[in-house]
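Here is the structure we will look at.
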Amino acid sequence: MNSESLRKPGNPALSQFGATARNILQNQGILIVFVLLCVVLTLSSEFFLTWNNWTNIIRQTAINGILAIGVTYVILAGGIDLSVGSVMALCGAVAASFSVTPENSFIGVALLASLATGFIAGLVNGALTAYLRIPAFVVTLGMLSAARGLTFIYTDGRPISNLSQPFLWFGNGAVLGIPVPIVALAVVFAVCWFVLRYTVFGRHVYAVGGNERAAITNGVRTRRVTALTYIVSGVLASLAGVILTARSTAALPQAGIAYELDAIAAVVIGGTSLSGGKGTLIGTVFGALIIGTINNGLDLLGISSYYQQVVKGLIIVGAVLLDVGRRR
């Protein structure tokens, strides 16, 4: 076969090669990008490919990863959640208020109070979006502001410190030598992946995001499914809030600002379509890892944090363009 035949339109070999290349990019593109990023940073810094540095990267990624998994549920169902950063801060403050040592330290109550707060925030978002048909952008933007205001009211604008050691374990402890935040991310991923892949609810999430009218025709209770995705997002935000507060050793009223942007970025970079119905949690975790790796690599190279925001913005735009190209 000569070179001229390869250039002819409709050549089967060339078409097959193009189809194979597109398939690889669509299914393995996020992994390829992650590997290339690691190679570049390894060549740029001798400290990048070390055990301590990678432990630090994954520990820092864990919080964003947990948030992003919750946001993935919402986006898969065709919604958006801009409130997770503020909800995380509110839940962290609530948990910390029950964990002040020594006179007021109730770890079980602290965790339940935090989860209940996240549940209520998600329930409000879900109810207003699914049952009152208020646009998700408006509802979650309102919750972003309301939850932040409640956080300042609850803390009186001051940090809640002097937290008990059992509570701080959630951010700085370890299980069999593995940091607790990493264990938490692994458990959350495993449970949420199983739910999406093997349960009726998981299939309904994809169905609602892919074609809501068709889902209704097939008997799916779309409003309930949509509301539940926001509850999942709120509960996972509460867990992330506990971990962030424990890592910071204090509940800060300004904690979690712009975390919702990193969470959405991880979801989009991971290949989840903003129009809903298509995406994976594996892609989301790799998206969070890419963001964490970029932040870490730029820090090692001594590059200003301002440039990190620029790089993340360009990556988000690029990921959205790729999504648009795939859908076309």
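Letters A, B, ... go to the chains of the structure tokens in the order shown; residues in each chain start at 1; ligands are counted from 1 in the same order.
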
*8 Å contact set for Val285 in chain A, only C-alpha atoms, chain neighbours under 2 positions out, as a list in words*: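 Within the cut-off, the hits are Gly65, Ala68, Ile69, Ala266, Gly270, Leu281, Ile282, Gly283, Gly287, Ala288 and Leu289 of chain A.
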
Residues from the last selection, C-alpha atoms, saved as a short mmCIF file (atom, residue, chain, number, x, y, z; two decimals), in the first residue's frame:
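Ended up saving to selection00.cif:
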```cif
data_model
loop_
_atom_site.label_atom_id
_atom_site.label_comp_id
_atom_site.auth_asym_id
_atom_site.auth_seq_id
_atom_site.Cartn_x
_atom_site.Cartn_y
_atom_site.Cartn_z
CA GLY A 65 -12.07 14.59 45.29
CA ALA A 68 -16.18 16.44 43.17
CA ILE A 69 -17.74 12.98 43.51
CA ALA A 266 -12.35 18.17 38.43
CA GLY A 270 -12.58 14.11 34.17
CA LEU A 281 -16.29 8.76 38.82
CA ILE A 282 -12.88 7.40 37.80
CA GLY A 283 -12.53 10.35 35.45
CA GLY A 287 -9.50 15.24 37.26
CA ALA A 288 -9.03 16.07 40.95
CA LEU A 289 -5.57 14.47 40.84
#
```

*Long-range neighbours of Cys192 in chain A as a list of chain:residue names, 9 Å cut-off, only C-alpha atoms, 2 positions minimum in chain*: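 Near neighbours after the sequence-gap exclusion: A:Ile69, A:Gly70, A:Tyr73, A:Val187, A:Val188, A:Phe189, A:Ala190, A:Phe194, A:Val195, A:Leu196, A:Arg197, A:Gly202, A:Leu281.
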
Dump as a JSON list (two decimals), in the first residue's frame, selection limited to all heavy atoms:
```json
[["chain", "number", "residue", "atom", "x", "y", "z"],
["A", 69, "ILE", "N", -16.91, 14.17, 43.70],
["A", 69, "ILE", "CA", -17.74, 12.98, 43.51],
["A", 69, "ILE", "C", -19.21, 13.33, 43.72],
["A", 69, "ILE", "O", -20.09, 12.92, 42.96],
["A", 69, "ILE", "CB", -17.29, 11.86, 44.47],
["A", 69, "ILE", "CG1", -15.95, 11.29, 44.01],
["A", 69, "ILE", "CG2", -18.35, 10.75, 44.54],
["A", 69, "ILE", "CD1", -15.33, 10.29, 44.97],
["A", 70, "GLY", "N", -19.49, 14.13, 44.76],
["A", 70, "GLY", "CA", -20.87, 14.57, 44.97],
["A", 70, "GLY", "C", -21.38, 15.43, 43.83],
["A", 70, "GLY", "O", -22.51, 15.26, 43.37],
["A", 73, "TYR", "N", -22.49, 13.45, 40.69],
["A", 73, "TYR", "CA", -23.88, 12.96, 40.71],
["A", 73, "TYR", "C", -24.83, 14.02, 40.19],
["A", 73, "TYR", "O", -25.73, 13.74, 39.39],
["A", 73, "TYR", "CB", -24.28, 12.58, 42.14],
["A", 73, "TYR", "CG", -23.98, 11.15, 42.51],
["A", 73, "TYR", "CD1", -22.69, 10.71, 42.76],
["A", 73, "TYR", "CD2", -25.01, 10.21, 42.62],
["A", 73, "TYR", "CE1", -22.42, 9.40, 43.11],
["A", 73, "TYR", "CE2", -24.76, 8.90, 42.98],
["A", 73, "TYR", "CZ", -23.46, 8.49, 43.21],
["A", 73, "TYR", "OH", -23.20, 7.19, 43.55],
["A", 187, "VAL", "N", -12.96, 5.15, 50.28],
["A", 187, "VAL", "CA", -14.24, 4.57, 50.69],
["A", 187, "VAL", "C", -15.40, 5.26, 49.97],
["A", 187, "VAL", "O", -16.32, 4.60, 49.46],
["A", 187, "VAL", "CB", -14.42, 4.67, 52.22],
["A", 187, "VAL", "CG1", -15.83, 4.26, 52.63],
["A", 187, "VAL", "CG2", -13.39, 3.79, 52.93],
["A", 188, "VAL", "N", -15.37, 6.59, 49.92],
["A", 188, "VAL", "CA", -16.43, 7.34, 49.23],
["A", 188, "VAL", "C", -16.48, 6.96, 47.76],
["A", 188, "VAL", "O", -17.57, 6.73, 47.20],
["A", 188, "VAL", "CB", -16.20, 8.86, 49.39],
["A", 188, "VAL", "CG1", -17.10, 9.65, 48.44],
["A", 188, "VAL", "CG2", -16.46, 9.29, 50.82],
["A", 189, "PHE", "N", -15.33, 6.87, 47.13],
["A", 189, "PHE", "CA", -15.29, 6.50, 45.72],
["A", 189, "PHE", "C", -15.87, 5.10, 45.50],
["A", 189, "PHE", "O", -16.69, 4.90, 44.60],
["A", 189, "PHE", "CB", -13.85, 6.54, 45.19],
["A", 189, "PHE", "CG", -13.70, 5.93, 43.82],
["A", 189, "PHE", "CD1", -14.05, 6.65, 42.69],
["A", 189, "PHE", "CD2", -13.24, 4.63, 43.66],
["A", 189, "PHE", "CE1", -13.95, 6.09, 41.42],
["A", 189, "PHE", "CE2", -13.12, 4.06, 42.41],
["A", 189, "PHE", "CZ", -13.48, 4.80, 41.28],
["A", 190, "ALA", "N", -15.45, 4.15, 46.34],
["A", 190, "ALA", "CA", -15.92, 2.77, 46.17],
["A", 190, "ALA", "C", -17.43, 2.67, 46.31],
["A", 190, "ALA", "O", -18.11, 2.03, 45.49],
["A", 190, "ALA", "CB", -15.22, 1.86, 47.19],
["A", 194, "PHE", "N", -20.02, 2.04, 43.12],
["A", 194, "PHE", "CA", -20.91, 0.88, 43.14],
["A", 194, "PHE", "C", -22.36, 1.31, 42.93],
["A", 194, "PHE", "O", -23.09, 0.67, 42.16],
["A", 194, "PHE", "CB", -20.76, 0.14, 44.47],
["A", 194, "PHE", "CG", -21.66, -1.05, 44.60],
["A", 194, "PHE", "CD1", -21.27, -2.28, 44.10],
["A", 194, "PHE", "CD2", -22.91, -0.94, 45.21],
["A", 194, "PHE", "CE1", -22.12, -3.39, 44.20],
["A", 194, "PHE", "CE2", -23.75, -2.04, 45.31],
["A", 194, "PHE", "CZ", -23.35, -3.26, 44.80],
["A", 195, "VAL", "N", -22.76, 2.39, 43.59],
["A", 195, "VAL", "CA", -24.14, 2.86, 43.45],
["A", 195, "VAL", "C", -24.44, 3.26, 42.01],
["A", 195, "VAL", "O", -25.48, 2.90, 41.46],
["A", 195, "VAL", "CB", -24.40, 4.04, 44.41],
["A", 195, "VAL", "CG1", -25.74, 4.70, 44.11],
["A", 195, "VAL", "CG2", -24.37, 3.56, 45.86],
["A", 196, "LEU", "N", -23.53, 4.00, 41.39],
["A", 196, "LEU", "CA", -23.76, 4.43, 40.02],
["A", 196, "LEU", "C", -23.78, 3.27, 39.04],
["A", 196, "LEU", "O", -24.55, 3.27, 38.08],
["A", 196, "LEU", "CB", -22.68, 5.43, 39.59],
["A", 196, "LEU", "CG", -22.92, 6.91, 39.89],
["A", 196, "LEU", "CD1", -21.77, 7.74, 39.34],
["A", 196, "LEU", "CD2", -24.24, 7.40, 39.34],
["A", 197, "ARG", "N", -22.95, 2.28, 39.28],
["A", 197, "ARG", "CA", -22.78, 1.20, 38.29],
["A", 197, "ARG", "C", -23.77, 0.06, 38.47],
["A", 197, "ARG", "O", -24.20, -0.55, 37.49],
["A", 197, "ARG", "CB", -21.35, 0.67, 38.37],
["A", 197, "ARG", "CG", -21.00, -0.32, 37.25],
["A", 197, "ARG", "CD", -19.54, -0.68, 37.29],
["A", 197, "ARG", "NE", -19.19, -1.61, 36.24],
["A", 197, "ARG", "CZ", -18.86, -1.26, 34.99],
["A", 197, "ARG", "NH1", -18.83, 0.02, 34.67],
["A", 197, "ARG", "NH2", -18.55, -2.17, 34.09],
["A", 202, "GLY", "N", -28.50, 4.51, 40.35],
["A", 202, "GLY", "CA", -27.39, 4.92, 39.50],
["A", 202, "GLY", "C", -27.80, 4.98, 38.03],
["A", 202, "GLY", "O", -27.47, 5.94, 37.32],
["A", 281, "LEU", "N", -16.94, 8.30, 37.60],
["A", 281, "LEU", "CA", -16.29, 8.76, 38.82],
["A", 281, "LEU", "C", -14.78, 8.57, 38.74],
["A", 281, "LEU", "O", -14.02, 9.33, 39.36],
["A", 281, "LEU", "CB", -16.84, 7.99, 40.02],
["A", 281, "LEU", "CG", -18.28, 8.30, 40.42],
["A", 281, "LEU", "CD1", -18.65, 7.55, 41.68],
["A", 281, "LEU", "CD2", -18.50, 9.79, 40.59]]
```

_Residue contacts of Gly313 in chain A (12 Å, only C-alpha atoms) excluding same-chain residues fewer than 3 positions away, as number ranges by chain_ = A: 261-262, 264-266, 268-269, 291, 306-310, 316-320

*Report the residues of range 85-254 of chain A whose backbone DSSP state falls under alpha helix (DSSP H), written as a PyMOL selection string.*
chain A and resi 85-97+107-130+136-155+165-172+180-198+200-210+212-217+222-248

Write out as a Markdown table the residues of range 19-84 of chain A that have any atom within 9 Å of an atom of range 88-92 of chain A, one row each with the nearest atom pair and its distance in Å to one decimal, counting only C-alpha atoms, sorted by chain and then rising number.
```
| residue | atom | partner | partner_atom | distance |
| --- | --- | --- | --- | --- |
| A:Leu67 | CA | A:Met88 | CA | 8.7 |
| A:Ser83 | CA | A:Met88 | CA | 8.5 |
| A:Val84 | CA | A:Met88 | CA | 5.9 |
```

Selected residues written out, N, CA, C and O atoms, as a PDB file, in the first residue's frame:
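Below is the file part-v4.pdb, written as the result:
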```
ATOM      1  N   LEU A  67     -15.604  16.207  47.367  1.00  0.00           N
ATOM      2  CA  LEU A  67     -16.559  17.204  46.879  1.00  0.00           C
ATOM      3  C   LEU A  67     -16.950  16.924  45.427  1.00  0.00           C
ATOM      4  O   LEU A  67     -18.126  16.974  45.058  1.00  0.00           O
ATOM      5  N   SER A  83     -22.825  25.410  45.530  1.00  0.00           N
ATOM      6  CA  SER A  83     -22.861  25.717  46.965  1.00  0.00           C
ATOM      7  C   SER A  83     -21.945  24.847  47.809  1.00  0.00           C
ATOM      8  O   SER A  83     -21.856  25.064  49.019  1.00  0.00           O
ATOM      9  N   VAL A  84     -21.269  23.865  47.220  1.00  0.00           N
ATOM     10  CA  VAL A  84     -20.567  22.870  48.042  1.00  0.00           C
ATOM     11  C   VAL A  84     -19.465  23.481  48.910  1.00  0.00           C
ATOM     12  O   VAL A  84     -19.228  23.019  50.027  1.00  0.00           O
TER      13      VAL A  84
END
```

*Got a sec to tell me which of range 52-250 of chain A DSSP assigns to strand (DSSP E or B), as number ranges by chain?*
A: 99-100, 104-105, 160, 163, 174-175, 178-179

*What is the distance between CA of Asn162 in chain A and CA of Val109 in chain A, in Å to one decimal?*
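These two atoms are separated by 17.2 Å.
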
_CA of Arg203 in chain A to CA of Ala136 in chain A, distance in Å rounded to a single decimal_ =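 If I compute the distance from CA of Arg203 in chain A to CA of Ala136 in chain A, I get 21.3 Å.
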
*May I have the residues within 8 Å of range 144-152 of chain A as number ranges by chain, using only C-alpha atoms and disregarding those fewer than 4 positions away in the same chain?*
A: 82-87, 89-90, 93, 140, 156-158, 253-254

_Excluding range 167-178 of chain A and its own-chain neighbours fewer than 4 positions away, which residues fall within 10 Å of it when counting only C-alpha atoms? Please give them as a ChimeraX atom specification._
/A:55,59,63,95-96,98-101,105-108,110-111,162-163,182-184,239-240,242-250

*Name the residues in contact with Gly277 in chain A at a cut-off of 12 Å, using only C-alpha atoms, excluding same-chain residues fewer than 2 positions from it; report them as a ChimeraX atom specification.*
/A:72-79,196,202-212,215,271-275,279-280,327
